[in-house]
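Data first, discussion second: the structure below is written as structure tokens.
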Amino acid sequence: MNHLSSETFRENAKAALADTHLRGALKNATSLFGERRKAAAASLPNWEELRTQARAIKDEVLWHLDQYLEEFVSSAEARGAQVHWARDAAEANSIIRTLATERKAHIVVKSKSMTTEETHLNDALEAAGVQVVETDLGEYIIQLAHEPPSHIIAPAIHKTRGQIGALFTAELGMPPTDDVDQLTSTARATLRDRFAAADLGISGVNFAIAETGTIVIVENEGNIRLTTSVPRIHIAVMGIEKVIPRLADLDVFLKLLPRSGTGQRLTTYQSFITGTKRSATDEGPDELHIVLLDNGRSRMLAHPVTRQSLACIRCGACLNACPVYQQVGGHAYGSVYPGPIGAVITPQLMGIEKTAQLPFASSLCGACREVCPVKIDIPRLLLHLRGEISPRKGSMAERLAFKLWALAMTSAALYKLSATAGRLLQRVVPVSRAWTNGRDLRPIESRSFHDLWSDE
Amino acid sequence: MDVICVQLSPGVFTTCGLMSNEARETILGSIRSHLAASVPFDRLEQHAIRPENSVILSNNSDLFELFKQSVESVDGHCVITTDVTDALKQIITDLRPRRIAISDRVHLEGIEAAVAPNAHDMFSFDVGISTAQAAIAETGTLVLDSASERHRLVSLVPPVHIAIISASKIVETLSEALALLQSEGEISPAVTFITGPSRTADIELTLAIGVHGPQELYVIVDQST
């Protein structure tokens with residue numbers, strides 16, 4: 001199941017559907033996440049209002065993204081942070097690799113960051129001889145298994161405790177067990193040594209506050225706090241869309257994000273990091289580096305429909321709600337960002353050529369739109385992307401069929417004729433298998449509504 | 001594409017290389033040109049952030065009680081007391097720790113403890129004791145602020161964290177706590193919100209307490225002031 005390609009989504013999905021372990025794990029996880037999210041949202045009387053506010057704040061930022069970024073950068077630099085701009089993944093990795101090697105870092109501890117998954121930072125650092133240790137429990141598990149994450153907030157959601165026990169026995173030499181507490185405490189003990197020995201910590205960013213230059217990172221485990229406070233140097237990597245105007249705006253986002261992600265009122269820890277330590281006796285890193293990554297994001301601003309995907313706060317709720325994700329899991333998408341939001345973001349970031357199957361990996365049921373805390377109209381975006389793909393990818397037969405359909409629907413006589421013809425032909429001609437393989441096609445009624453109406 | 005940073009004095013650096021400036025101009029230029037090429041957003045409705053429809057608390061003891069319930073709902077322990085030293089001694093007697101670390105703001109009588117050990121020593125302590133500068137009743141959250149207290153490691157690395165919070169510093173909502181962070185002008189270099197002990201659900205969404213941070217969190221609400 002490793003490193004699948006988006007180009008083979010259909011085959012990947014078929015293989016995933018045949019994997020009973022995977023489907024059991026997915027069903028368990030997505031339904032639990034879904035129930036918890038629903039209960040958490042219902043506990044706030046103003047949930048809808050919060051969603052509207054969050055989206056309004058995000059839209060305001062995106063419409064003035066250059067100004068808010070400059071404000072954030074000057075606030076952060078004034079407090080001792082060093083900001084690096086990276087046009088693409090290679091540039092971001094090169095900046096971080098140089099920082100690490102110049103400072104002779106041997107061991108890097110990392111907390112979970114989808115942005116560094118996007119840039120494949122670990123490969124770049126390891127190629128330079130730096131040992132990279134993922135410290136989020138889920139990320140640590142998939143790093144040991146040499147797999148990519150399969151969910152935005154629960155990277156090892158596809159694995160059962162039995163599989164993880166076998167992995168820990170093979171990789172860490174622990175006695176075989178599928179006890180979750182034992183597995184967790186083994187990971188804790190192993191990773192504590194790494195934290196104590198680390199020269200450099202790398203984290204992601206959930207929110208960057210323009211007004212104060214603060215980066216805010218949310219978590220439950222405490223590995224982000226260790227990553228950002230034990231090593232001498234902290235590097236935070238963020239997409240340029242992560243900036244929000246004011247500290248007070250966090251009230252809205254800190255209510256929405258944990259409730260949408262895990263169903264918690266607040267995650268266990270929120271770290272607010274503003275610049276470097278002010279004196280030698282302060283705790284925390286000597287150096288704080290913030291890497292701002294574009295990698296296709298600024299280009300997404302041009303289109304009024306698709307740019308709303310930049311409002312995403314990476315909660316993972318749309319994955320849990322999606323009937324396609326629930327069945328095939330994250331790896332089948334073959335992209336860093338899976339699920340409905342992944343099917344929208346990936347073609348925009350990576351180009352539509354190699355990802356053309358992803359916008360079709362949806363039944364357009366709208367469950368993703370219902371749960372999205374920032375009201376991204378994902379089905380509309382999927383349709384828009386399909387529209388961009390179809391003129392190129394649609395088959396001749398399909399285009400001809402739609403042309404004939406349009407003709408028939410605009411003329412009463414042709415419509416009547418085609419309905420009669422359809423009724424007759426349906427008995428003798430098999431309809432497209434691609435449609436009926438997974439669905440029943442009801443026979444056309446022998447008499448139309450129009451006929452019945454005329455009889456009255 | 002080398003990035004060369006020159007350290008002038010601790011924490012003060014020159015701009016890092018020329019590439020960064022070029023990248024900055026490219027990215028900002030790309031944002032501006034793509035925004036200019038697009039039609040404006042649908043008319044944005046800016047909603048004023050309204051106070052929440054939370055429970056109206058009639059008095060302070062309700063506020064403390066709500067805080068206690070919230071801490072307990074996330075698997076923390078909470079005592080409300082007028083005698084902090086006594087409460088601390090009881091917790092420590094039960095725990096029987098070998099080594100106790102305290103922050104630079106904690107003053108203990110009759111308990112042996114190391115003050116603010118450094119990052120590498122901290123890993124050998126069993127209990128860390130800090131204060132908290134504020135707390136949020138509706139979520140059971142402690143707010144720790146580096147300008148007042150060096151809290152980051154002592155509240156994180158030892159397997160048990162004990163926090164002492166003055167009852168008068170408890171606010172009801174998240175938005176009140178966020179407003180406090182800027183009440184003296186600038187936000188501190190490191191502010192940490194703590195809600196319960198460290199937890200994970202990364203294996204089959206099964207809750208495990210104490211993955212990287214403390215396995216136990218004790219909160220002592222000091223009502224003596």
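In the structure tokens, chains take the letters A, B, ... in the order shown, each chain's residues start at 1, and ligands count up from 1 in the order shown.
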Query raised in the report: So which residues touch Ala87 of chain B within 12 Å, counting only C-alpha atoms, skipping near sequence neighbours fewer than 4 positions away, as a PyMOL selection string?
Result: chain B and resi 77-83+91-94+108+162-164+218-223
For the selection you just gave me, I'd like the residues written to a file as a CSV table (one decimal), in the first residue's frame, keeping C-alpha atoms.
chain,number,residue,atom,x,y,z
B,77,HIS,CA,-7.5,16.3,39.4
B,78,CYS,CA,-8.6,19.5,41.0
B,79,VAL,CA,-8.8,20.7,44.6
B,80,ILE,CA,-10.2,24.0,45.8
B,81,THR,CA,-8.5,25.0,49.1
B,82,THR,CA,-7.5,27.8,51.3
B,83,ASP,CA,-4.3,25.9,52.4
B,91,ILE,CA,-0.5,15.1,46.9
B,92,ILE,CA,3.2,14.6,47.3
B,93,THR,CA,2.8,12.2,50.2
B,94,ASP,CA,0.6,10.0,48.0
B,108,LEU,CA,7.7,25.6,48.9
B,162,ILE,CA,1.0,20.1,39.7
B,163,ALA,CA,-0.2,23.6,39.0
B,164,ILE,CA,-1.3,26.2,41.6
B,218,TYR,CA,-3.2,18.1,39.6
B,219,VAL,CA,-4.6,21.6,39.8
B,220,ILE,CA,-4.8,23.4,43.2
B,221,VAL,CA,-7.1,26.4,43.3
B,222,ASP,CA,-5.9,28.8,45.9
B,223,GLN,CA,-8.9,30.5,47.6
Report task. At a cut-off of 6 Å, list the chain B residues touching chain A, using only C-alpha atoms, as a ChimeraX atom specification. Result -> /B:11,20,23-24,28,30-31,34-35,37-38,47,119,175,189-196,198-200,202,208,211-213
Would you put the residues from that selection into a file with C-alpha atoms, as a compact mmCIF listing (two decimals), in the first residue's frame?
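In the end it all went to out-v1.txt:
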# COMPACT_ATOMS: atom_id res chain seq x y z
CA GLY B 11 19.02 36.38 18.91
CA SER B 20 15.15 35.01 0.47
CA ALA B 23 11.68 34.64 -3.18
CA ARG B 24 9.79 37.16 -1.07
CA LEU B 28 4.19 38.68 -2.95
CA SER B 30 2.36 36.33 -7.48
CA ILE B 31 -0.24 36.95 -4.76
CA HIS B 34 -3.37 36.56 -9.12
CA LEU B 35 -5.66 38.57 -6.88
CA ALA B 37 -6.68 38.90 -12.18
CA SER B 38 -9.68 37.62 -10.25
CA HIS B 47 -19.89 39.39 11.69
CA ALA B 119 16.30 21.00 29.48
CA SER B 175 -12.24 34.79 24.61
CA PRO B 189 7.47 34.87 23.98
CA ALA B 190 5.85 31.63 25.11
CA VAL B 191 2.29 31.14 26.29
CA THR B 192 0.94 27.64 26.86
CA PHE B 193 -2.65 26.54 27.31
CA ILE B 194 -2.96 23.23 29.17
CA THR B 195 -6.22 21.28 29.33
CA GLY B 196 -5.76 17.99 31.17
CA SER B 198 -1.17 14.60 27.74
CA ARG B 199 -3.24 12.22 25.62
CA THR B 200 -3.33 10.42 22.30
CA ASP B 202 -3.53 7.55 17.41
CA ALA B 208 -4.14 6.62 26.08
CA VAL B 211 2.10 9.99 25.76
CA HIS B 212 4.77 12.71 25.65
CA GLY B 213 3.69 15.08 28.41
Give me every strand (DSSP E or B) residue in segment 12-220 of chain B, going by DSSP on the backbone, as a short mmCIF file (atom, residue, chain, number, x, y, z; two decimals) with C-alpha atoms, in the first residue's frame.
data_model
loop_
_atom_site.label_atom_id
_atom_site.label_comp_id
_atom_site.auth_asym_id
_atom_site.auth_seq_id
_atom_site.Cartn_x
_atom_site.Cartn_y
_atom_site.Cartn_z
CA VAL B 12 20.07 39.13 16.52
CA PHE B 13 20.80 38.18 12.92
CA HIS B 77 -7.52 16.27 39.39
CA CYS B 78 -8.64 19.51 41.02
CA VAL B 79 -8.80 20.68 44.64
CA ILE B 80 -10.18 24.03 45.80
CA THR B 81 -8.51 25.02 49.05
CA ILE B 100 10.72 17.30 42.41
CA ALA B 101 11.33 20.21 40.05
CA ILE B 102 9.71 23.62 40.61
CA ALA B 114 15.19 21.78 42.49
CA VAL B 115 14.44 25.19 40.99
CA VAL B 127 7.12 15.77 39.55
CA GLY B 128 7.05 19.31 38.21
CA ILE B 129 5.31 22.13 40.09
CA SER B 130 4.35 25.45 38.54
CA THR B 131 1.79 28.16 39.03
CA ALA B 134 -4.90 32.41 34.42
CA ALA B 135 -7.43 29.65 33.91
CA ILE B 136 -10.55 29.11 31.80
CA THR B 141 -7.67 25.18 30.84
CA LEU B 142 -4.55 26.55 32.57
CA VAL B 143 -2.81 29.55 30.98
CA LEU B 144 0.95 29.71 31.59
CA ASP B 145 2.92 32.76 30.53
CA VAL B 160 3.32 14.49 37.00
CA HIS B 161 2.47 18.20 36.77
CA ILE B 162 1.03 20.08 39.75
CA ALA B 163 -0.24 23.59 39.02
CA ILE B 164 -1.28 26.21 41.56
CA ILE B 165 -3.78 28.82 40.39
CA SER B 166 -5.07 31.75 42.37
CA ILE B 170 -10.06 32.15 36.82
CA VAL B 171 -12.07 33.58 33.93
CA ALA B 190 5.85 31.63 25.11
CA VAL B 191 2.29 31.14 26.29
CA THR B 192 0.94 27.64 26.86
CA PHE B 193 -2.65 26.54 27.31
CA ILE B 194 -2.96 23.23 29.17
CA ARG B 199 -3.24 12.22 25.62
CA THR B 200 -3.33 10.42 22.30
CA ALA B 208 -4.14 6.62 26.08
CA ILE B 209 -3.18 9.15 28.76
CA GLU B 216 -1.17 13.13 35.72
CA LEU B 217 -2.27 16.72 36.16
CA TYR B 218 -3.19 18.13 39.59
CA VAL B 219 -4.65 21.61 39.84
CA ILE B 220 -4.79 23.39 43.19
#
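Of note, atom CA of His289 of chain A and atom CA of Ala124 of chain A are spaced 17.8 Å apart.
Between Met114 of chain A and the residues A:Leu425, A:Ala343, A:Ile376, A:Val205, the shortest atom-to-atom distance, using only C-alpha atoms, involves A:Val205.
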Query - All residues 12 Å or closer to segment 142-149 of chain A, only C-alpha atoms, same chain fewer than 4 positions away omitted, as a PyMOL selection string - result: (chain A and resi 1-5+110+112-114+116-118+120+122-123+132-138+153-159+163-172+187+329-338) or (chain B and resi 202-203)
For C-alpha atoms, I'd like the residues from the last selection saved as a PDB file, in the first residue's frame.
ATOM      1  CA  MET A   1       0.000   0.000   0.000  1.00  0.00           C
ATOM      2  CA  ASN A   2       3.046   2.285  -0.071  1.00  0.00           C
ATOM      3  CA  HIS A   3       3.337   5.485  -2.056  1.00  0.00           C
ATOM      4  CA  LEU A   4       0.515   4.935  -4.506  1.00  0.00           C
ATOM      5  CA  SER A   5      -0.056   7.332  -7.376  1.00  0.00           C
ATOM      6  CA  LYS A 110       9.735  16.680  14.106  1.00  0.00           C
ATOM      7  CA  LYS A 112       3.323  16.410  12.708  1.00  0.00           C
ATOM      8  CA  SER A 113       3.224  18.785   9.754  1.00  0.00           C
ATOM      9  CA  MET A 114       1.189  18.221   6.585  1.00  0.00           C
ATOM     10  CA  THR A 116       6.464  19.149   5.331  1.00  0.00           C
ATOM     11  CA  GLU A 117       4.722  15.995   4.060  1.00  0.00           C
ATOM     12  CA  GLU A 118       3.829  18.078   1.011  1.00  0.00           C
ATOM     13  CA  HIS A 120       8.871  15.598   1.368  1.00  0.00           C
ATOM     14  CA  ASN A 122      12.312  14.076   5.552  1.00  0.00           C
ATOM     15  CA  ASP A 123      13.784  12.615   2.365  1.00  0.00           C
ATOM     16  CA  VAL A 132      14.838  12.722  11.242  1.00  0.00           C
ATOM     17  CA  VAL A 133      12.554  11.415  13.991  1.00  0.00           C
ATOM     18  CA  GLU A 134       8.797  11.886  13.747  1.00  0.00           C
ATOM     19  CA  THR A 135       7.454  12.284  17.292  1.00  0.00           C
ATOM     20  CA  ASP A 136       3.657  12.353  16.955  1.00  0.00           C
ATOM     21  CA  LEU A 137       2.654   8.783  17.862  1.00  0.00           C
ATOM     22  CA  GLY A 138       0.739   8.219  14.611  1.00  0.00           C
ATOM     23  CA  ILE A 153      -5.083  14.389  11.869  1.00  0.00           C
ATOM     24  CA  ALA A 154      -4.745  10.638  12.525  1.00  0.00           C
ATOM     25  CA  PRO A 155      -1.912   9.485  10.260  1.00  0.00           C
ATOM     26  CA  ALA A 156      -2.022   5.799  11.255  1.00  0.00           C
ATOM     27  CA  ILE A 157      -5.814   5.503  11.195  1.00  0.00           C
ATOM     28  CA  HIS A 158      -5.547   2.653   8.664  1.00  0.00           C
ATOM     29  CA  LYS A 159      -3.617   0.379  11.013  1.00  0.00           C
ATOM     30  CA  GLN A 163      -0.468  -4.535  13.077  1.00  0.00           C
ATOM     31  CA  ILE A 164       1.145  -1.811  15.211  1.00  0.00           C
ATOM     32  CA  GLY A 165       2.151  -4.375  17.857  1.00  0.00           C
ATOM     33  CA  ALA A 166       3.839  -6.519  15.192  1.00  0.00           C
ATOM     34  CA  LEU A 167       5.586  -3.430  13.805  1.00  0.00           C
ATOM     35  CA  PHE A 168       6.934  -2.439  17.258  1.00  0.00           C
ATOM     36  CA  THR A 169       8.159  -5.992  17.841  1.00  0.00           C
ATOM     37  CA  ALA A 170       9.986  -6.008  14.511  1.00  0.00           C
ATOM     38  CA  GLU A 171      11.397  -2.470  14.685  1.00  0.00           C
ATOM     39  CA  LEU A 172      11.864  -1.779  18.397  1.00  0.00           C
ATOM     40  CA  ALA A 187       6.922   4.906  22.036  1.00  0.00           C
ATOM     41  CA  GLY A 329      -8.990   5.308   3.113  1.00  0.00           C
ATOM     42  CA  GLY A 330      -6.293   7.888   2.525  1.00  0.00           C
ATOM     43  CA  HIS A 331      -3.598   5.977   0.659  1.00  0.00           C
ATOM     44  CA  ALA A 332      -5.793   5.242  -2.364  1.00  0.00           C
ATOM     45  CA  TYR A 333      -5.820   8.940  -3.253  1.00  0.00           C
ATOM     46  CA  GLY A 334      -2.073   8.718  -3.859  1.00  0.00           C
ATOM     47  CA  SER A 335      -1.673  12.279  -2.630  1.00  0.00           C
ATOM     48  CA  VAL A 336      -0.451  13.942   0.568  1.00  0.00           C
ATOM     49  CA  TYR A 337      -3.891  15.431   1.203  1.00  0.00           C
ATOM     50  CA  PRO A 338      -6.574  12.727   0.916  1.00  0.00           C
TER      51      PRO A 338
ATOM     52  CA  ASP B 202      -3.525   7.552  17.406  1.00  0.00           C
ATOM     53  CA  ILE B 203      -3.970   3.783  17.798  1.00  0.00           C
TER      54      ILE B 203
END
Query raised in the report: Looking at B:Ala137, B:Met122, B:Val154, B:Ala113, which one is nearest to Glu72 of chain B, with distances taken over only C-alpha atoms?
Result: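 With only C-alpha atoms as the atom set, the closest residue is B:Ala137.
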Report summary line: As a check of understanding: the span from atom CA of Glu211 of chain A to atom CA of Ala311 of chain A is 18.9 Å
Report task. Go through segment 17-155 of chain B and collect every residue that DSSP, computed from the backbone, puts in helix (DSSP H, G or I); the answer should be as a PyMOL selection string. Result -> chain B and resi 19-36+60-73+84-95+121-124
Report task. Record the distance separating atom CA of Thr190 of chain A and atom CA of Lys104 of chain A, expressed in Å with one decimal. Result -> 23.0 Å
